[in-house]
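Everything on this sheet refers to the single structure shown next.
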Amino acid sequence: MNIISIIIKEVKHSFRDRKSMAMMILFPIALIVVISAAFNTSFSSSIDIGRPKVLYSIEAADAISDNFKTGFIERGMDFKIEFVKMDNLDSAKKKLISKEYDAIIEMKANNKIEFYKSNIESLKAGVVESILSTYVQEFNVIVEISKVNPQIIDSLLKNNNTNYSTITSLNKTAQPSSLDYYTIAEIALIIMYAGMTGLFGIASEKNSKTRDRILISPVRKYEFLIGKIIGGVISTILQITIVILFNKYVLGANWGNDIYTVLLIFISQIIMAISIGVGLGFIFKNENVANGVLNFMIPVMVFLGGSYMPVDGFGNKTFQVITYLSPVRWVNRSILDVIYNNNYSKVPTAILINVGIALIFIAISSLLFRKENV
């Protein structure tokens with residue numbers, strides 16, 4: 001009951017704070033409108049990604065390998081992919097790392113296909129991977145057919161003019177406009193500033209001496225801490241929901257077909273941001289120092305995450321690796337992948353990173369709070 005009372009108090013306080021409401025609701029909406037309009041021409045649908053270069057080798061010499069040559073290699077050339085036969089895998093990997101080539105494909109003697117690409121995201125490698133995935137799906141169809149009628153497998157493999165599977169995109173031309181991109185990016189940015197809600201929630205109680213009076217009552221420390229965190233999280237969720245609804249129904253931003261997963265990712269980020277703010281409130285006894293540290297951390301994380309400008313392909317390899325350290329990057333990329341590629345592979349990582357960071361700061365807060373004397 002004590003926790004619920006603290007949560008209700010936090011929510012009421014957040015919505016009575018006009019400055020906080022303007023910061024969390026009006027500011028991101030204005031930011032999205034202005035920045036998306038300013039960078040509208042940068043999000044053209046006619047971007048030329050260049051010609052993907054792929055190193056490949058085929059160890060097998062049978063009908064399956066012949067089908068691979070005609071079904072994948074020749075089809076890939078139609079997409080302007082440049083294929084170069086390789087002799088040594090180690091040498092090929094060095095060329096991949098140096099960005100001389102975009103991908104490596106090996107077809108083993110046992111007809112197993114191995115695909116290599118750089119850990120730095122590349123549109124060119126993504127194109128190659130998509131075409132390879134299409135080929136593998138078609139080949140799997142042939143394998144299933146052969147289980148029913150093994151006699152026709154040779155004729156199926158030799159028939160290069162038939163597509164045994166069809167991939168139909170319901171939104172094949174969809175890609176984020178400047179409005180779509182910056183809607184996600186700026187909401188992710190403003191969520192990080194929710195850390196101030198957590199920080200000032202702790203600092204204000206301490207400065208006004210109300211925390212001591214609360215803890216003298218039957219309220220336990222863990223109830224106070226949990227109530228503060230959950231209250232901050234709920235307040236921010238309500239505020240961000242207003243921003244999302246405005247962007248969806250007024251500005252017309254694209255939220256895809258699975259907005260619930262998108263919301264889940266944002267909620268995990270909100271938990272992280274509030275926990276960081278609360279943690280800094282306990283780590284630094286001086287509110288101004290804690291605020292300064294938070295205001296330093298947030299711009300760095302959101303810049304590396306692409307909330308100011310897209311950073312994919314920007315800078316050198318070292319910079320691209322550093323961007324992976326930003327939780328905001330994982331939030332932005334996982335949401336965009338869900339909306340435009342129906343790809344959920346980054347979602348668990350993004351959520352685990354956010355929750356993991358939150359747990360670290362909650363643990364620090366709990367430890368330091370326990371040592372404080374009331």
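Every chain in the structure tokens has a letter given in the order shown (A, B, ...), and although residue numbers restart at 1 in each chain, ligands are simply numbered from 1 in the order shown.
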
Which residues, written as a CSV table (one decimal) with N, CA, C and O atoms, in the first residue's frame, have at least one atom at most 8 Å from region 293-295 of chain A, with only C-alpha atoms counted and residues fewer than 5 positions away on the same chain left out?
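What ended up in selection_4.csv:
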chain,number,residue,atom,x,y,z
A,195,GLY,N,15.5,10.5,-17.5
A,195,GLY,CA,16.4,10.3,-16.3
A,195,GLY,C,16.4,11.4,-15.3
A,195,GLY,O,16.6,11.2,-14.1
A,196,MET,N,16.1,12.6,-15.8
A,196,MET,CA,16.0,13.8,-14.9
A,196,MET,C,14.8,13.6,-13.9
A,196,MET,O,14.8,14.1,-12.8
A,277,GLY,N,18.8,7.9,-13.7
A,277,GLY,CA,18.6,9.1,-12.9
A,277,GLY,C,18.5,8.9,-11.4
A,277,GLY,O,19.2,9.6,-10.7
A,280,LEU,N,22.1,8.0,-10.2
A,280,LEU,CA,23.0,9.1,-10.1
A,280,LEU,C,22.6,10.0,-8.9
A,280,LEU,O,23.5,10.6,-8.3

#### Entry: Selection: 12 Å around Asn286 (chain A), only C-alpha atoms, excl. self and same-chain fewer than 3 positions, as a list in words
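Here the qualifying residues turn out to be Leu199, Phe200, Ile202, Ala203, Ser204, Lys206, Asn207, Leu280, Gly281, Phe282, Ile283, Val289, Ala290, Asn291, Gly292 and Val293 of chain A.
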
### Query
Smallest atom-to-atom distance to Gly71 (chain A): which of A:Val84, A:Tyr135, A:Val127, A:Ala92, using only C-alpha atoms?
A:Tyr135

#### Entry: Polymer residues at most 12 Å from Leu264 (chain A), only C-alpha atoms, same-chain spacing of 3 or more positions, as a list in words
Ile237, Thr241, Asp258, Ile259, Tyr260, Thr261, Ile267, Ser268, Gln269, Ile270, Ile271, Val331, Ser334, Ile335, Val338, Val347, Pro348, Ala350, Ile351, Leu352, Asn354 and Val355 of chain A

Atoms to include: C-alpha atoms. Write the selected residues as a PDB file, in the first residue's frame.
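That gives us out-v3.pdb:
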ATOM      1  CA  ILE A 237       4.948   6.121 -20.230  1.00  0.00           C
ATOM      2  CA  THR A 241       1.983   7.746 -25.134  1.00  0.00           C
ATOM      3  CA  ASP A 258       3.177  -4.302 -34.468  1.00  0.00           C
ATOM      4  CA  ILE A 259       3.115  -1.199 -32.309  1.00  0.00           C
ATOM      5  CA  TYR A 260       3.002  -3.343 -29.149  1.00  0.00           C
ATOM      6  CA  THR A 261       6.568  -4.584 -29.670  1.00  0.00           C
ATOM      7  CA  ILE A 267       9.107   0.937 -22.009  1.00  0.00           C
ATOM      8  CA  SER A 268      12.356  -0.955 -21.385  1.00  0.00           C
ATOM      9  CA  GLN A 269      14.241   2.233 -22.334  1.00  0.00           C
ATOM     10  CA  ILE A 270      12.079   4.291 -19.958  1.00  0.00           C
ATOM     11  CA  ILE A 271      12.875   1.885 -17.108  1.00  0.00           C
ATOM     12  CA  VAL A 331      16.463   0.952 -29.439  1.00  0.00           C
ATOM     13  CA  SER A 334      15.419  -2.623 -33.347  1.00  0.00           C
ATOM     14  CA  ILE A 335      12.278  -0.479 -33.734  1.00  0.00           C
ATOM     15  CA  VAL A 338      10.414  -4.237 -36.663  1.00  0.00           C
ATOM     16  CA  VAL A 347      14.531  -6.748 -30.091  1.00  0.00           C
ATOM     17  CA  PRO A 348      15.719  -9.159 -27.344  1.00  0.00           C
ATOM     18  CA  ALA A 350      17.767  -4.037 -27.081  1.00  0.00           C
ATOM     19  CA  ILE A 351      15.466  -4.990 -24.206  1.00  0.00           C
ATOM     20  CA  LEU A 352      18.173  -6.958 -22.368  1.00  0.00           C
ATOM     21  CA  ASN A 354      18.052  -1.595 -21.273  1.00  0.00           C
ATOM     22  CA  VAL A 355      16.924  -3.876 -18.450  1.00  0.00           C
TER      23      VAL A 355
END

### Query
Residues at most 8 Å from region 56-59 of chain A, counting only C-alpha atoms, excluding those fewer than 2 positions away in the same chain, as a VMD selection string?
chain A and resid 54 61 65 83 to 87 104 to 109

### Task
DSSP on the backbone, then: every residue of region 51-114 of chain A marked alpha helix (DSSP H), written as a PyMOL selection string.
chain A and resi 63-68+74-78+89-97

### Query
Suppose you want the space between CA of Lys371 (chain A) and CA of Lys9 (chain A); what is it in Å?
25.2 Å

### Atomic separation - CA of Ile265 (chain A) relative to CA of Thr134 (chain A), Å
29.0 Å

### Of the listed residues A:Ile32, A:Val233, A:Ile353, A:Met301, that which approaches Ala253 (chain A) most closely, counting only C-alpha atoms
A:Ile32

### Task
Compile the contact shell of Ile81 (chain A) as a ChimeraX atom specification: residues with an atom at most 7 Å away, counting only C-alpha atoms, same-chain residues fewer than 4 positions apart removed.
/A:51-53,76-77

### Task
Extract, using only C-alpha atoms, all DNA, RNA and protein residues at most 12 Å from Ser326 (chain A), discarding same-chain residues fewer than 6 positions from it, and format them as a list of chain:residue names.
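Skipping anything fewer than 6 positions along the chain leaves A:Ala188, A:Leu189, A:Met192, A:Gln269, A:Met297, A:Ile298, A:Pro299, A:Val300, A:Met301, A:Val302, A:Phe303, A:Leu304, A:Gly305, A:Gly306, A:Ser307, A:Val311, A:Phe319, A:Gln320, A:Asn332, A:Arg333, A:Ala350, A:Ile353, A:Asn354, A:Ile357.
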
Keeping only N, CA and C atoms, take the residues you just selected and write them out as a tab-separated table (two decimals), in the first residue's frame.
chain	number	residue	atom	x	y	z
A	188	ALA	N	13.12	8.43	-28.66
A	188	ALA	CA	14.20	7.75	-27.94
A	188	ALA	C	15.09	8.77	-27.22
A	189	LEU	N	15.28	9.93	-27.87
A	189	LEU	CA	16.08	11.00	-27.25
A	189	LEU	C	15.40	11.53	-25.99
A	192	MET	N	15.48	9.46	-22.84
A	192	MET	CA	16.71	9.51	-22.05
A	192	MET	C	16.67	10.68	-21.06
A	269	GLN	N	13.35	1.08	-22.35
A	269	GLN	CA	14.24	2.23	-22.33
A	269	GLN	C	13.84	3.22	-21.24
A	297	MET	N	26.06	12.50	-20.23
A	297	MET	CA	25.82	11.14	-20.72
A	297	MET	C	24.79	11.10	-21.84
A	298	ILE	N	23.71	11.85	-21.66
A	298	ILE	CA	22.58	11.75	-22.60
A	298	ILE	C	22.95	12.16	-24.02
A	299	PRO	N	23.55	13.35	-24.26
A	299	PRO	CA	23.90	13.72	-25.64
A	299	PRO	C	24.84	12.73	-26.31
A	300	VAL	N	25.78	12.17	-25.53
A	300	VAL	CA	26.71	11.20	-26.11
A	300	VAL	C	25.97	9.95	-26.57
A	301	MET	N	25.09	9.42	-25.70
A	301	MET	CA	24.36	8.20	-26.04
A	301	MET	C	23.40	8.40	-27.20
A	302	VAL	N	22.71	9.55	-27.22
A	302	VAL	CA	21.74	9.76	-28.30
A	302	VAL	C	22.42	10.08	-29.61
A	303	PHE	N	23.60	10.72	-29.56
A	303	PHE	CA	24.35	10.97	-30.80
A	303	PHE	C	24.82	9.65	-31.41
A	304	LEU	N	25.42	8.80	-30.57
A	304	LEU	CA	25.89	7.50	-31.05
A	304	LEU	C	24.72	6.62	-31.49
A	305	GLY	N	23.54	6.89	-30.92
A	305	GLY	CA	22.35	6.11	-31.28
A	305	GLY	C	21.66	6.58	-32.54
A	306	GLY	N	22.09	7.73	-33.09
A	306	GLY	CA	21.51	8.21	-34.34
A	306	GLY	C	20.30	9.09	-34.15
A	307	SER	N	20.09	9.65	-32.95
A	307	SER	CA	18.92	10.49	-32.73
A	307	SER	C	19.10	11.91	-33.25
A	311	VAL	N	23.61	7.45	-38.21
A	311	VAL	CA	25.05	7.20	-38.12
A	311	VAL	C	25.47	5.91	-38.82
A	319	PHE	N	34.55	4.13	-35.17
A	319	PHE	CA	33.35	4.88	-34.76
A	319	PHE	C	32.12	3.98	-34.82
A	320	GLN	N	32.00	3.17	-35.88
A	320	GLN	CA	30.85	2.29	-36.01
A	320	GLN	C	30.79	1.28	-34.87
A	332	ASN	N	16.74	2.36	-31.40
A	332	ASN	CA	16.37	2.89	-32.71
A	332	ASN	C	16.40	1.82	-33.80
A	333	ARG	N	17.48	1.04	-33.83
A	333	ARG	CA	17.63	0.05	-34.90
A	333	ARG	C	16.62	-1.08	-34.76
A	350	ALA	N	18.08	-5.40	-27.52
A	350	ALA	CA	17.77	-4.04	-27.08
A	350	ALA	C	17.12	-4.03	-25.70
A	353	ILE	N	19.67	-5.13	-22.95
A	353	ILE	CA	20.62	-4.06	-22.65
A	353	ILE	C	19.97	-3.02	-21.74
A	354	ASN	N	18.76	-2.60	-22.08
A	354	ASN	CA	18.05	-1.59	-21.27
A	354	ASN	C	17.78	-2.10	-19.86
A	357	ILE	N	21.11	-2.50	-17.80
A	357	ILE	CA	21.61	-1.23	-17.26
A	357	ILE	C	20.73	-0.75	-16.11

Surrounding residues of Ile187 (chain A) excluding itself and chain neighbours under 4 positions, 9 Å, only C-alpha atoms, as an mmCIF file with N, CA, C and O atoms, in the first residue's frame:
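Contents of result-v9.cif, freshly written:
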data_model
loop_
_atom_site.group_PDB
_atom_site.id
_atom_site.type_symbol
_atom_site.label_atom_id
_atom_site.label_comp_id
_atom_site.auth_asym_id
_atom_site.auth_seq_id
_atom_site.Cartn_x
_atom_site.Cartn_y
_atom_site.Cartn_z
ATOM 1 N N PRO A 28 9.313 17.227 -27.711
ATOM 2 C CA PRO A 28 9.583 16.216 -28.741
ATOM 3 C C PRO A 28 8.704 16.372 -29.983
ATOM 4 O O PRO A 28 9.159 16.124 -31.100
ATOM 5 N N ILE A 29 7.444 16.800 -29.782
ATOM 6 C CA ILE A 29 6.562 17.000 -30.940
ATOM 7 C C ILE A 29 7.113 18.114 -31.834
ATOM 8 O O ILE A 29 7.200 17.977 -33.065
ATOM 9 N N ILE A 32 10.325 16.910 -33.592
ATOM 10 C CA ILE A 32 10.047 15.988 -34.697
ATOM 11 C C ILE A 32 9.583 16.756 -35.934
ATOM 12 O O ILE A 32 10.049 16.490 -37.050
ATOM 13 N N TYR A 182 12.696 10.365 -37.637
ATOM 14 C CA TYR A 182 12.904 11.262 -36.503
ATOM 15 C C TYR A 182 11.811 11.147 -35.447
ATOM 16 O O TYR A 182 12.004 11.565 -34.310
ATOM 17 N N THR A 183 10.656 10.577 -35.806
ATOM 18 C CA THR A 183 9.656 10.269 -34.777
ATOM 19 C C THR A 183 10.240 9.274 -33.791
ATOM 20 O O THR A 183 10.183 9.469 -32.563
ATOM 21 N N ILE A 191 13.166 10.225 -24.142
ATOM 22 C CA ILE A 191 13.063 9.226 -23.074
ATOM 23 C C ILE A 191 14.317 9.251 -22.206
ATOM 24 O O ILE A 191 14.244 9.094 -20.979
ATOM 25 N N MET A 192 15.478 9.457 -22.835
ATOM 26 C CA MET A 192 16.711 9.509 -22.050
ATOM 27 C C MET A 192 16.671 10.680 -21.064
ATOM 28 O O MET A 192 17.200 10.587 -19.961
ATOM 29 N N ILE A 240 4.863 9.834 -22.956
ATOM 30 C CA ILE A 240 5.322 9.373 -24.267
ATOM 31 C C ILE A 240 4.153 8.831 -25.090
ATOM 32 O O ILE A 240 4.133 8.973 -26.322
ATOM 33 N N VAL A 243 2.656 11.615 -26.953
ATOM 34 C CA VAL A 243 3.497 11.969 -28.109
ATOM 35 C C VAL A 243 3.276 10.992 -29.257
ATOM 36 O O VAL A 243 3.139 11.388 -30.423
ATOM 37 N N ILE A 244 3.231 9.698 -28.938
ATOM 38 C CA ILE A 244 3.048 8.667 -29.963
ATOM 39 C C ILE A 244 1.688 8.810 -30.641
ATOM 40 O O ILE A 244 1.588 8.745 -31.872
ATOM 41 N N PHE A 266 10.308 0.714 -26.065
ATOM 42 C CA PHE A 266 10.346 2.042 -25.450
ATOM 43 C C PHE A 266 10.184 1.958 -23.929
ATOM 44 O O PHE A 266 10.847 2.692 -23.183
ATOM 45 N N SER A 307 20.092 9.647 -32.950
ATOM 46 C CA SER A 307 18.920 10.488 -32.727
ATOM 47 C C SER A 307 19.099 11.906 -33.255
ATOM 48 O O SER A 307 18.121 12.618 -33.470
#

### Query
Which is closer to Ile131 (chain A) than all the others in A:Ile4, A:Ile73, A:Ile360, A:Ala38, using only C-alpha atoms?
A:Ile73
